[in-house]
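Novice: Dropping in model08.txt, which is compact mmCIF, C-alpha atoms:
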```txt
# COMPACT_ATOMS: atom_id res chain seq x y z
CA MET W 20 -8.98 0.32 0.07
CA GLU W 21 -10.63 -1.88 2.69
CA ALA W 22 -12.08 -5.16 1.41
CA LEU W 23 -15.43 -6.58 2.42
CA HIS W 24 -15.95 -10.19 3.48
CA VAL W 25 -16.66 -12.40 0.46
CA GLU W 26 -17.11 -16.17 0.67
CA CYS W 27 -16.42 -18.15 -2.52
CA ILE W 28 -18.41 -21.36 -2.93
CA GLY W 29 -18.89 -23.78 -5.81
CA ARG W 30 -17.41 -24.14 -9.27
CA GLY W 31 -18.00 -22.65 -12.70
CA ARG W 32 -18.41 -19.10 -13.97
CA PRO W 33 -18.67 -16.43 -11.23
CA LEU W 34 -21.92 -15.09 -9.79
CA VAL W 35 -22.11 -12.43 -7.04
CA LEU W 36 -24.81 -12.51 -4.32
CA LEU W 37 -25.69 -9.38 -2.27
CA HIS W 38 -28.07 -9.64 0.70
CA GLY W 39 -30.63 -7.24 2.15
CA TRP W 40 -30.97 -4.98 5.20
CA ALA W 41 -30.00 -6.44 8.61
CA MET W 42 -28.97 -9.75 7.04
CA HIS W 43 -25.72 -11.32 5.77
CA GLY W 44 -24.61 -13.62 2.98
CA GLY W 45 -25.68 -16.71 4.91
CA ILE W 46 -29.32 -15.91 4.15
CA PHE W 47 -28.69 -17.20 0.62
CA ALA W 48 -28.14 -20.81 1.78
CA PRO W 49 -31.07 -22.18 -0.29
CA LEU W 50 -29.69 -20.55 -3.46
CA VAL W 51 -26.12 -21.60 -2.66
CA GLU W 52 -27.29 -25.19 -2.31
CA ARG W 53 -28.95 -25.10 -5.74
CA LEU W 54 -26.48 -22.96 -7.70
CA SER W 55 -23.03 -23.93 -6.38
CA ALA W 56 -22.79 -26.86 -8.81
CA HIS W 57 -23.17 -24.39 -11.71
CA PHE W 58 -21.32 -21.27 -10.55
CA THR W 59 -18.53 -20.03 -8.32
CA LEU W 60 -20.65 -17.96 -5.97
CA HIS W 61 -19.12 -14.84 -4.45
CA VAL W 62 -21.33 -14.33 -1.40
CA VAL W 63 -20.83 -10.85 0.09
CA ASP W 64 -21.40 -9.52 3.59
CA LEU W 65 -22.25 -5.85 3.11
CA PRO W 66 -20.71 -3.13 5.34
CA GLY W 67 -21.90 -3.28 8.94
CA HIS W 68 -23.38 -6.74 8.44
CA GLY W 69 -22.18 -10.28 9.17
CA HIS W 70 -18.42 -10.73 8.94
CA SER W 71 -18.13 -7.19 7.49
CA ARG W 72 -19.83 -5.59 10.50
CA ARG W 73 -16.63 -3.81 11.61
CA SER W 74 -15.96 -2.46 8.13
CA ALA W 75 -15.61 1.30 7.69
CA VAL W 76 -16.91 1.11 4.11
CA SER W 77 -20.05 3.16 3.59
CA LEU W 78 -23.33 1.37 2.90
CA ASP W 79 -24.17 4.11 0.39
CA PRO W 80 -24.82 2.05 -2.75
CA ALA W 81 -22.47 4.04 -4.97
CA SER W 82 -19.59 3.83 -2.48
CA CYS W 83 -20.23 0.18 -1.65
CA ALA W 84 -20.51 -0.75 -5.34
CA ALA W 85 -17.19 0.97 -6.07
CA VAL W 86 -15.41 -1.03 -3.34
CA LEU W 87 -16.90 -4.32 -4.48
CA SER W 88 -16.21 -3.59 -8.15
CA GLY W 89 -12.52 -3.38 -7.29
CA GLN W 90 -12.63 -6.58 -5.27
CA LEU W 91 -14.74 -8.96 -7.38
CA PRO W 92 -14.24 -10.55 -10.82
CA ARG W 93 -16.32 -9.65 -13.86
CA ALA W 94 -19.61 -11.43 -13.22
CA PRO W 95 -23.38 -11.12 -13.06
CA TRP W 96 -24.54 -9.61 -9.76
CA LEU W 97 -27.67 -10.74 -7.92
CA GLY W 98 -28.97 -8.30 -5.33
CA TRP W 99 -31.84 -8.88 -2.93
CA SER W 100 -33.70 -5.83 -1.56
CA LEU W 101 -31.05 -3.35 -0.31
CA GLY W 102 -28.39 -5.45 -2.06
CA GLY W 103 -30.27 -4.85 -5.28
CA LEU W 104 -29.63 -1.11 -5.04
CA VAL W 105 -25.90 -1.79 -4.71
CA ALA W 106 -26.03 -4.10 -7.73
CA MET W 107 -27.97 -1.53 -9.77
CA HIS W 108 -25.37 1.14 -9.01
CA ALA W 109 -22.54 -1.19 -9.99
CA ALA W 110 -24.25 -2.22 -13.23
CA ALA W 111 -24.99 1.36 -14.29
CA VAL W 112 -21.48 2.83 -14.18
CA GLU W 113 -19.16 3.07 -17.15
CA ASP W 114 -16.69 0.16 -17.49
CA SER W 115 -18.72 -1.83 -15.00
CA PRO W 116 -17.54 -5.33 -14.01
CA VAL W 117 -21.21 -6.39 -13.87
CA THR W 118 -22.12 -8.53 -16.89
CA GLY W 119 -25.76 -9.06 -15.93
CA LEU W 120 -28.10 -7.83 -13.21
CA VAL W 121 -30.55 -9.98 -11.23
CA ALA W 122 -32.76 -7.96 -8.90
CA VAL W 123 -34.71 -10.04 -6.39
CA ALA W 124 -37.46 -8.07 -4.62
CA ALA W 125 -35.44 -4.91 -5.28
CA SER W 126 -36.90 -1.74 -6.71
CA PRO W 127 -35.02 1.28 -8.08
CA ARG W 128 -37.19 3.33 -5.72
CA PHE W 129 -38.66 1.78 -2.57
CA VAL W 130 -40.79 4.78 -1.56
CA ALA W 131 -43.96 5.87 -3.36
CA ALA W 132 -44.08 9.15 -5.31
CA PRO W 133 -46.70 10.85 -7.51
CA ASP W 134 -45.01 9.32 -10.56
CA TRP W 135 -44.20 6.03 -8.79
CA PRO W 136 -47.29 4.57 -7.09
CA HIS W 137 -45.62 1.19 -6.63
CA GLY W 138 -43.63 2.01 -3.46
CA VAL W 139 -44.43 2.11 0.25
CA ASP W 140 -45.10 5.26 2.24
CA ALA W 141 -41.92 7.04 3.38
CA SER W 142 -43.17 6.85 6.97
CA VAL W 143 -42.52 3.09 6.96
CA PHE W 144 -38.74 3.57 6.93
CA ALA W 145 -38.88 6.63 9.19
CA GLN W 146 -40.76 4.61 11.83
CA PHE W 147 -38.23 1.78 11.67
CA GLY W 148 -35.41 4.33 11.99
CA ASP W 149 -36.98 5.87 15.08
CA GLY W 150 -37.57 2.42 16.56
CA LEU W 151 -33.92 1.34 16.28
CA ALA W 152 -32.86 3.73 19.03
CA ARG W 153 -35.60 2.54 21.40
CA ASP W 154 -35.76 -1.19 20.74
CA TYR W 155 -33.06 -2.52 18.44
CA ARG W 156 -34.04 -6.20 18.32
CA GLY W 157 -37.75 -5.50 18.37
CA THR W 158 -37.43 -3.14 15.41
CA VAL W 159 -35.41 -5.65 13.39
CA ASP W 160 -38.00 -8.31 14.19
CA ARG W 161 -40.85 -6.06 13.01
CA PHE W 162 -38.98 -5.50 9.74
CA LEU W 163 -38.59 -9.26 9.30
CA ALA W 164 -42.33 -9.66 9.89
CA LEU W 165 -43.00 -7.07 7.16
CA GLU W 166 -40.70 -8.99 4.80
CA ALA W 167 -42.55 -12.26 5.42
CA GLN W 168 -46.04 -10.74 5.29
CA GLY W 169 -48.12 -11.93 2.37
CA SER W 170 -46.05 -15.01 1.50
CA ASP W 171 -48.09 -18.18 1.15
CA HIS W 172 -45.47 -19.68 3.51
CA MET W 173 -45.38 -16.65 5.81
CA ARG W 174 -44.71 -18.53 9.05
CA GLU W 175 -41.92 -20.56 7.48
CA GLU W 176 -40.35 -17.49 5.87
CA LEU W 177 -40.47 -15.53 9.14
CA ARG W 178 -39.01 -18.50 11.04
CA LEU W 179 -36.10 -18.73 8.62
CA LEU W 180 -35.45 -14.98 8.71
CA ARG W 181 -35.49 -14.94 12.52
CA GLU W 182 -33.32 -18.04 12.68
CA ARG W 183 -30.60 -16.56 10.47
CA VAL W 184 -30.61 -12.83 11.14
CA TYR W 185 -28.04 -12.99 13.98
CA ALA W 186 -26.19 -16.11 12.82
CA ARG W 187 -23.07 -14.01 12.12
CA GLY W 188 -23.53 -11.60 15.01
CA GLU W 189 -25.61 -8.47 15.30
CA PRO W 190 -25.30 -5.92 12.49
CA GLU W 191 -23.90 -2.55 13.51
CA PRO W 192 -26.68 -0.14 14.62
CA ALA W 193 -25.12 2.69 12.60
CA ALA W 194 -25.22 0.52 9.47
CA LEU W 195 -28.88 -0.28 10.06
CA VAL W 196 -29.70 3.43 10.33
CA GLU W 197 -27.70 4.14 7.18
CA GLY W 198 -29.40 1.26 5.35
CA LEU W 199 -32.89 2.51 6.19
CA ALA W 200 -31.93 5.96 4.91
CA VAL W 201 -30.75 4.36 1.67
CA LEU W 202 -34.04 2.50 1.26
CA GLU W 203 -35.98 5.69 1.98
CA HIS W 204 -34.12 8.10 -0.30
CA GLN W 205 -32.53 6.23 -3.24
CA ASP W 206 -34.11 6.63 -6.66
CA LEU W 207 -32.29 4.87 -9.50
CA ARG W 208 -35.05 4.96 -12.10
CA ALA W 209 -33.15 7.43 -14.29
CA ALA W 210 -30.19 5.04 -14.56
CA LEU W 211 -32.15 2.06 -15.85
CA PRO W 212 -32.80 3.19 -19.46
CA GLY W 213 -29.04 3.43 -19.96
CA LEU W 214 -28.30 0.01 -18.49
CA ALA W 215 -26.03 -1.72 -20.99
CA VAL W 216 -26.27 -5.24 -19.58
CA PRO W 217 -29.24 -7.63 -19.55
CA SER W 218 -31.30 -7.64 -16.37
CA LEU W 219 -33.82 -9.94 -14.73
CA TRP W 220 -36.30 -8.68 -12.14
CA ILE W 221 -37.67 -11.46 -9.89
CA ALA W 222 -40.67 -10.52 -7.78
CA GLY W 223 -42.74 -12.27 -5.15
CA ARG W 224 -46.38 -11.79 -6.12
CA ARG W 225 -47.37 -11.35 -2.46
CA ASP W 226 -44.47 -9.10 -1.46
CA ARG W 227 -45.78 -6.22 0.67
CA LEU W 228 -42.51 -4.23 0.67
CA VAL W 229 -41.55 -4.32 -3.01
CA THR W 230 -44.62 -5.08 -5.11
CA TRP W 231 -44.50 -7.12 -8.29
CA GLN W 232 -45.85 -4.04 -10.08
CA ALA W 233 -42.73 -2.10 -9.04
CA MET W 234 -40.50 -4.88 -10.34
CA GLN W 235 -42.41 -5.11 -13.62
CA ALA W 236 -42.20 -1.34 -14.08
CA ALA W 237 -38.45 -1.42 -13.37
CA ALA W 238 -37.92 -4.16 -15.94
CA ALA W 239 -39.83 -2.10 -18.50
CA LEU W 240 -37.42 0.83 -17.97
CA CYS W 241 -34.44 -1.34 -18.99
CA PRO W 242 -33.40 -1.86 -22.63
CA HIS W 243 -32.79 -5.56 -21.98
CA GLY W 244 -35.00 -6.20 -18.95
CA GLY W 245 -36.87 -9.40 -18.18
CA PHE W 246 -39.48 -10.00 -15.48
CA ARG W 247 -40.38 -13.12 -13.52
CA CYS W 248 -43.01 -13.34 -10.81
CA VAL W 249 -42.99 -16.08 -8.18
CA ALA W 250 -46.59 -16.98 -7.39
CA GLY W 251 -47.10 -17.05 -3.63
CA GLY W 252 -43.69 -15.52 -2.94
CA GLY W 253 -43.12 -12.77 -0.38
CA HIS W 254 -40.16 -10.45 0.01
CA ALA W 255 -37.66 -13.31 0.31
CA PRO W 256 -38.91 -15.75 -2.34
CA PHE W 257 -35.58 -17.59 -2.45
CA LEU W 258 -36.30 -18.90 1.07
CA THR W 259 -39.71 -20.43 0.43
CA HIS W 260 -39.65 -20.88 -3.37
CA ALA W 261 -35.96 -21.60 -3.82
CA ASP W 262 -36.37 -23.95 -6.78
CA ALA W 263 -38.32 -21.36 -8.79
CA VAL W 264 -35.84 -18.56 -8.05
CA ALA W 265 -32.78 -20.74 -8.68
CA SER W 266 -34.22 -21.95 -11.99
CA ALA W 267 -34.88 -18.38 -13.13
CA VAL W 268 -31.36 -17.29 -12.15
CA LEU W 269 -29.76 -20.30 -13.83
CA ASP W 270 -31.65 -19.73 -17.10
CA PHE W 271 -30.76 -16.03 -17.12
CA VAL W 272 -27.07 -16.34 -16.28
CA GLU W 273 -26.50 -19.26 -18.64
CA GLY W 274 -28.00 -17.14 -21.41
CA LEU W 275 -25.45 -14.35 -20.90
CA PRO W 276 -22.34 -14.15 -23.09
CA ALA W 277 -19.44 -16.07 -21.53
```
Mind converting the file's structure to structure tokens?
Specialist:
Amino acid sequence: MEALHVECIGRGRPLVLLHGWAMHGGIFAPLVERLSAHFTLHVVDLPGHGHSRRSAVSLDPASCAAVLSGQLPRAPWLGWSLGGLVAMHAAAVEDSPVTGLVAVAASPRFVAAPDWPHGVDASVFAQFGDGLARDYRGTVDRFLALEAQGSDHMREELRLLRERVYARGEPEPAALVEGLAVLEHQDLRAALPGLAVPSLWIAGRRDRLVTWQAMQAAAALCPHGGFRCVAGGGHAPFLTHADAVASAVLDFVEGLPA
């Protein structure tokens, strides 16, 4: 089975980091700086992204989680946004290698429904999907602007996202289309009540893509779910409020059984 690119950094017990749509593992630099003295970080580039952009592995969360589960050690998994869906899938399967789940700005369902008012309208992802064919870079940039919107450091967050998005080359267009479809259609709410491992749901209070209410509701569905909200944080709170996110992750992971 084909392996995905994983960079190992630091020392200590393992911790897996999974990035979001259109990005790569390098986006986690602020967390790596703060956590590498405590953990051996396994920083993944998801299929079609970064150094895994030529990978034939599907970005479907179940398929991607299965590949990574065979490649990584037993460890807590931290997933941001799209990466959170992959981490949720991995944590929910029987005999999972995931010992704890940290979801950062990641909801079990990104799109609103009559019984889930916390999501965005489905047209948001459909519009981005249509835009990719017409204006690839412009569409990615509009998505980055949506991610940064609301943060009390919006300009700084958008600058960092724009600065790093192509640092490992352009993601594959097919992977971007697949990733948007995942964000539009996945619904993992039914899996959360059976989650056997502890979980921590870290929200940015000003996130316009995944609201703090969605994260709080997801945590409430889990038998061992905790919720933390970063005041002033947007969709990438680890960029602009790295100390707060790193502290929450450190406290959670150090509290897990060795």
Novice: If I take CA of Asp140 (chain W) and CA of Glu182 (chain W), how far is one from the other in Å, to one decimal?
Specialist: 28.1 Å
Novice: Restricting the calculation to all atoms listed in the file, which member of W:Ser82, W:Ser100, W:Ser142, W:Ser71 is positioned closest to Gly253 (chain W)?
Specialist: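 Nearest to Gly253 (chain W): W:Ser100.
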Novice: When you draw a straight line from CA of Leu60 (chain W) to CA of Ala277 (chain W), how long is it in Å?
Specialist: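 Between these atoms lies a distance of 15.7 Å.
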Novice: Using only C-alpha atoms, which protein or nucleic acid residues come within 8 Å of Gly223 (chain W)? Drop anything in the same chain fewer than 2 positions from it, and give the result as a list in words.
Specialist: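 Neighbouring residues, sequence-local ones excluded: Ala124, Ser170, Ile221, Arg225, Asp226, Thr230, Trp231, Cys248, Val249, Ala250, Gly251, Gly252, Gly253, His254, Ala255 and Pro256 of chain W.
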Novice: Smallest atom-to-atom distance to Ala233 (chain W): which of W:Gly198, W:Pro276, W:Pro127, W:Pro212, using all atoms listed in the file?
Specialist: W:Pro127
Novice: Up to 10 Å from (-27.6, 1.6, 3.5) in the file's coordinates: name the residues, counting only C-alpha atoms, as an mmCIF file with C-alpha atoms, keeping the file's coordinate frame.
Specialist:
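part35.cif, freshly written:
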```
data_model
loop_
_atom_site.group_PDB
_atom_site.id
_atom_site.type_symbol
_atom_site.label_atom_id
_atom_site.label_comp_id
_atom_site.auth_asym_id
_atom_site.auth_seq_id
_atom_site.Cartn_x
_atom_site.Cartn_y
_atom_site.Cartn_z
ATOM 1 C CA GLY W 39 -30.630 -7.240 2.150
ATOM 2 C CA TRP W 40 -30.970 -4.980 5.200
ATOM 3 C CA ALA W 41 -30.000 -6.440 8.610
ATOM 4 C CA LEU W 65 -22.250 -5.850 3.110
ATOM 5 C CA PRO W 66 -20.710 -3.130 5.340
ATOM 6 C CA GLY W 67 -21.900 -3.280 8.940
ATOM 7 C CA SER W 77 -20.050 3.160 3.590
ATOM 8 C CA LEU W 78 -23.330 1.370 2.900
ATOM 9 C CA ASP W 79 -24.170 4.110 0.390
ATOM 10 C CA PRO W 80 -24.820 2.050 -2.750
ATOM 11 C CA CYS W 83 -20.230 0.180 -1.650
ATOM 12 C CA LEU W 101 -31.050 -3.350 -0.310
ATOM 13 C CA GLY W 102 -28.390 -5.450 -2.060
ATOM 14 C CA LEU W 104 -29.630 -1.110 -5.040
ATOM 15 C CA VAL W 105 -25.900 -1.790 -4.710
ATOM 16 C CA ALA W 193 -25.120 2.690 12.600
ATOM 17 C CA ALA W 194 -25.220 0.520 9.470
ATOM 18 C CA LEU W 195 -28.880 -0.280 10.060
ATOM 19 C CA VAL W 196 -29.700 3.430 10.330
ATOM 20 C CA GLU W 197 -27.700 4.140 7.180
ATOM 21 C CA GLY W 198 -29.400 1.260 5.350
ATOM 22 C CA LEU W 199 -32.890 2.510 6.190
ATOM 23 C CA ALA W 200 -31.930 5.960 4.910
ATOM 24 C CA VAL W 201 -30.750 4.360 1.670
ATOM 25 C CA LEU W 202 -34.040 2.500 1.260
ATOM 26 C CA GLU W 203 -35.980 5.690 1.980
ATOM 27 C CA HIS W 204 -34.120 8.100 -0.300
ATOM 28 C CA GLN W 205 -32.530 6.230 -3.240
#
```
Novice: Could you give me, as a PyMOL selection string, the residues within 7 Å of His24 (chain W), counting all atoms listed in the file and dropping anything in the same chain fewer than 3 positions from it?
Specialist: chain W and resi 63-64+70-71
Novice: Name the closest residue to Leu151 (chain W) among the candidates W:Pro192, W:Pro116, W:Arg208, W:His260; distances are taken between atoms, counting all atoms listed in the file.
Specialist: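 When distances to Leu151 (chain W) are compared using all atoms listed in the file, the smallest one comes from W:Pro192.
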Novice: In terms of the shortest atom-to-atom distance over only C-alpha atoms, which of W:Arg187, W:Arg247, W:Arg53, W:His61 is closest to Gln90 (chain W)?
Specialist: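 The answer is W:His61, which sits nearest to Gln90 (chain W).
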Novice: W:Phe271, W:Tyr155, W:Phe257, W:Trp96: which is nearest Gly244 (chain W), counting all atoms listed in the file?
Specialist: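 Under the stated criterion, the closest residue is W:Phe271.
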Novice: From the set W:Glu52, W:Glu189, W:Asp114, W:Asp149, which residue has the shortest atom-to-atom contact distance to His68 (chain W), counting only C-alpha atoms?
Specialist: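 That would be W:Glu189, the residue with the smallest distance to His68 (chain W).
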Novice: Find the residues near Val51 (chain W): any atom within 12 Å, counting all atoms listed in the file, skip ones fewer than 5 places away on the same chain, and give them as a VMD selection string.
Specialist: chain W and resid 26 to 30 34 to 36 44 to 46 56 to 62 257 to 258 261 to 262 264 to 265 268 to 269
Novice: CA of Gly213 (chain W) and CA of Pro242 (chain W) are how many Å apart?
Specialist: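 CA of Pro242 (chain W) lies at a distance of 7.4 Å from CA of Gly213 (chain W).
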Novice: Which residues of region 85-193 of chain W sit at most 10 Å from region 236-240 of chain W, using all atoms listed in the file? Give each one's shortest atom pair and distance in Å (one decimal place), in chain and ascending residue order, as CSV.
Specialist:
```
residue,atom,partner,partner_atom,distance
W:Ala122,CA,W:Ala238,CA,9.5
W:Ala125,CA,W:Ala237,CA,9.3
W:Ser126,CA,W:Ala237,CA,6.8
W:Pro127,CA,W:Ala237,CA,6.9
W:Arg128,CA,W:Ala237,CA,9.1
W:Trp135,CA,W:Ala236,CA,9.3
W:His137,CA,W:Ala236,CA,8.6
```
Novice: Print the selection's residues with C-alpha atoms to a file, as a JSON list (two decimals), in the coordinates of the input.
Specialist:
```
[["chain", "number", "residue", "atom", "x", "y", "z"],
["W", 122, "ALA", "CA", -32.76, -7.96, -8.90],
["W", 125, "ALA", "CA", -35.44, -4.91, -5.28],
["W", 126, "SER", "CA", -36.90, -1.74, -6.71],
["W", 127, "PRO", "CA", -35.02, 1.28, -8.08],
["W", 128, "ARG", "CA", -37.19, 3.33, -5.72],
["W", 135, "TRP", "CA", -44.20, 6.03, -8.79],
["W", 137, "HIS", "CA", -45.62, 1.19, -6.63]]
```
Novice: Extending 6 Å beyond the listed atoms of region 122-139 of chain W on each side, what axis-aligned box results? I want centre and edge lengths in Å to one decimal, as lines of an AutoDock Vina configuration file.
Specialist:
```
center_x = -40.0
center_y = 0.4
center_z = -5.2
size_x = 26.5
size_y = 32.9
size_z = 22.8
```
Novice: Just the residues within 6 Å of Leu177 (chain W), please, counting only C-alpha atoms, with nothing from its chain fewer than 3 positions along; format it as a compact mmCIF listing (two decimals) with C-alpha atoms, in the frame of the given file.
Specialist:
```
# COMPACT_ATOMS: atom_id res chain seq x y z
CA ALA W 167 -42.55 -12.26 5.42
CA ARG W 174 -44.71 -18.53 9.05
CA LEU W 180 -35.45 -14.98 8.71
```
Novice: Mind rebuilding region 107-126 of chain W with N, CA, C and O atoms and writing that out as a compact mmCIF listing (two decimals), in the frame of the given file?
Specialist:
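Output contents, as saved in part_35.txt:
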```txt
# COMPACT_ATOMS: atom_id res chain seq x y z
N MET W 107 -27.55 -2.46 -8.72
CA MET W 107 -27.97 -1.53 -9.77
C MET W 107 -26.94 -0.44 -9.99
O MET W 107 -26.61 -0.08 -11.13
N HIS W 108 -26.41 0.12 -8.89
CA HIS W 108 -25.37 1.14 -9.01
C HIS W 108 -24.16 0.59 -9.76
O HIS W 108 -23.62 1.23 -10.66
N ALA W 109 -23.73 -0.60 -9.37
CA ALA W 109 -22.54 -1.19 -9.99
C ALA W 109 -22.76 -1.44 -11.47
O ALA W 109 -21.86 -1.24 -12.30
N ALA W 110 -23.96 -1.89 -11.84
CA ALA W 110 -24.25 -2.22 -13.23
C ALA W 110 -24.37 -0.99 -14.11
O ALA W 110 -24.17 -1.07 -15.32
N ALA W 111 -24.69 0.16 -13.51
CA ALA W 111 -24.99 1.36 -14.29
C ALA W 111 -23.78 2.22 -14.61
O ALA W 111 -23.88 3.11 -15.45
N VAL W 112 -22.64 1.96 -13.96
CA VAL W 112 -21.48 2.83 -14.18
C VAL W 112 -20.73 2.41 -15.44
O VAL W 112 -20.83 1.27 -15.90
N GLU W 113 -19.96 3.35 -15.98
CA GLU W 113 -19.16 3.07 -17.15
C GLU W 113 -18.05 2.09 -16.80
O GLU W 113 -17.50 2.13 -15.70
N ASP W 114 -17.72 1.20 -17.71
CA ASP W 114 -16.69 0.16 -17.49
C ASP W 114 -17.02 -0.71 -16.29
O ASP W 114 -16.13 -1.10 -15.52
N SER W 115 -18.28 -1.02 -16.13
CA SER W 115 -18.72 -1.83 -15.00
C SER W 115 -18.23 -3.27 -15.12
O SER W 115 -18.19 -3.83 -16.22
N PRO W 116 -17.88 -3.91 -13.98
CA PRO W 116 -17.54 -5.33 -14.01
C PRO W 116 -18.77 -6.23 -14.01
O PRO W 116 -18.66 -7.45 -14.06
N VAL W 117 -19.96 -5.63 -13.94
CA VAL W 117 -21.21 -6.39 -13.87
C VAL W 117 -21.64 -6.76 -15.29
O VAL W 117 -21.87 -5.89 -16.13
N THR W 118 -21.76 -8.05 -15.55
CA THR W 118 -22.12 -8.53 -16.89
C THR W 118 -23.60 -8.84 -17.03
O THR W 118 -24.08 -9.12 -18.13
N GLY W 119 -24.32 -8.83 -15.93
CA GLY W 119 -25.76 -9.06 -15.93
C GLY W 119 -26.28 -8.72 -14.55
O GLY W 119 -25.57 -8.88 -13.55
N LEU W 120 -27.50 -8.25 -14.48
CA LEU W 120 -28.10 -7.83 -13.21
C LEU W 120 -29.33 -8.68 -12.92
O LEU W 120 -30.23 -8.78 -13.75
N VAL W 121 -29.35 -9.29 -11.72
CA VAL W 121 -30.55 -9.98 -11.23
C VAL W 121 -31.01 -9.24 -9.99
O VAL W 121 -30.29 -9.20 -8.98
N ALA W 122 -32.18 -8.65 -10.04
CA ALA W 122 -32.76 -7.96 -8.90
C ALA W 122 -33.86 -8.84 -8.32
O ALA W 122 -34.81 -9.18 -9.02
N VAL W 123 -33.70 -9.22 -7.07
CA VAL W 123 -34.71 -10.04 -6.39
C VAL W 123 -35.40 -9.16 -5.35
O VAL W 123 -34.76 -8.70 -4.39
N ALA W 124 -36.70 -8.92 -5.54
CA ALA W 124 -37.46 -8.07 -4.62
C ALA W 124 -36.72 -6.77 -4.34
O ALA W 124 -36.56 -6.34 -3.20
N ALA W 125 -36.22 -6.15 -5.39
CA ALA W 125 -35.44 -4.91 -5.28
C ALA W 125 -35.94 -3.93 -6.31
O ALA W 125 -35.93 -4.21 -7.50
N SER W 126 -36.36 -2.77 -5.84
CA SER W 126 -36.90 -1.74 -6.71
C SER W 126 -35.90 -0.60 -6.85
O SER W 126 -35.15 -0.33 -5.91
```
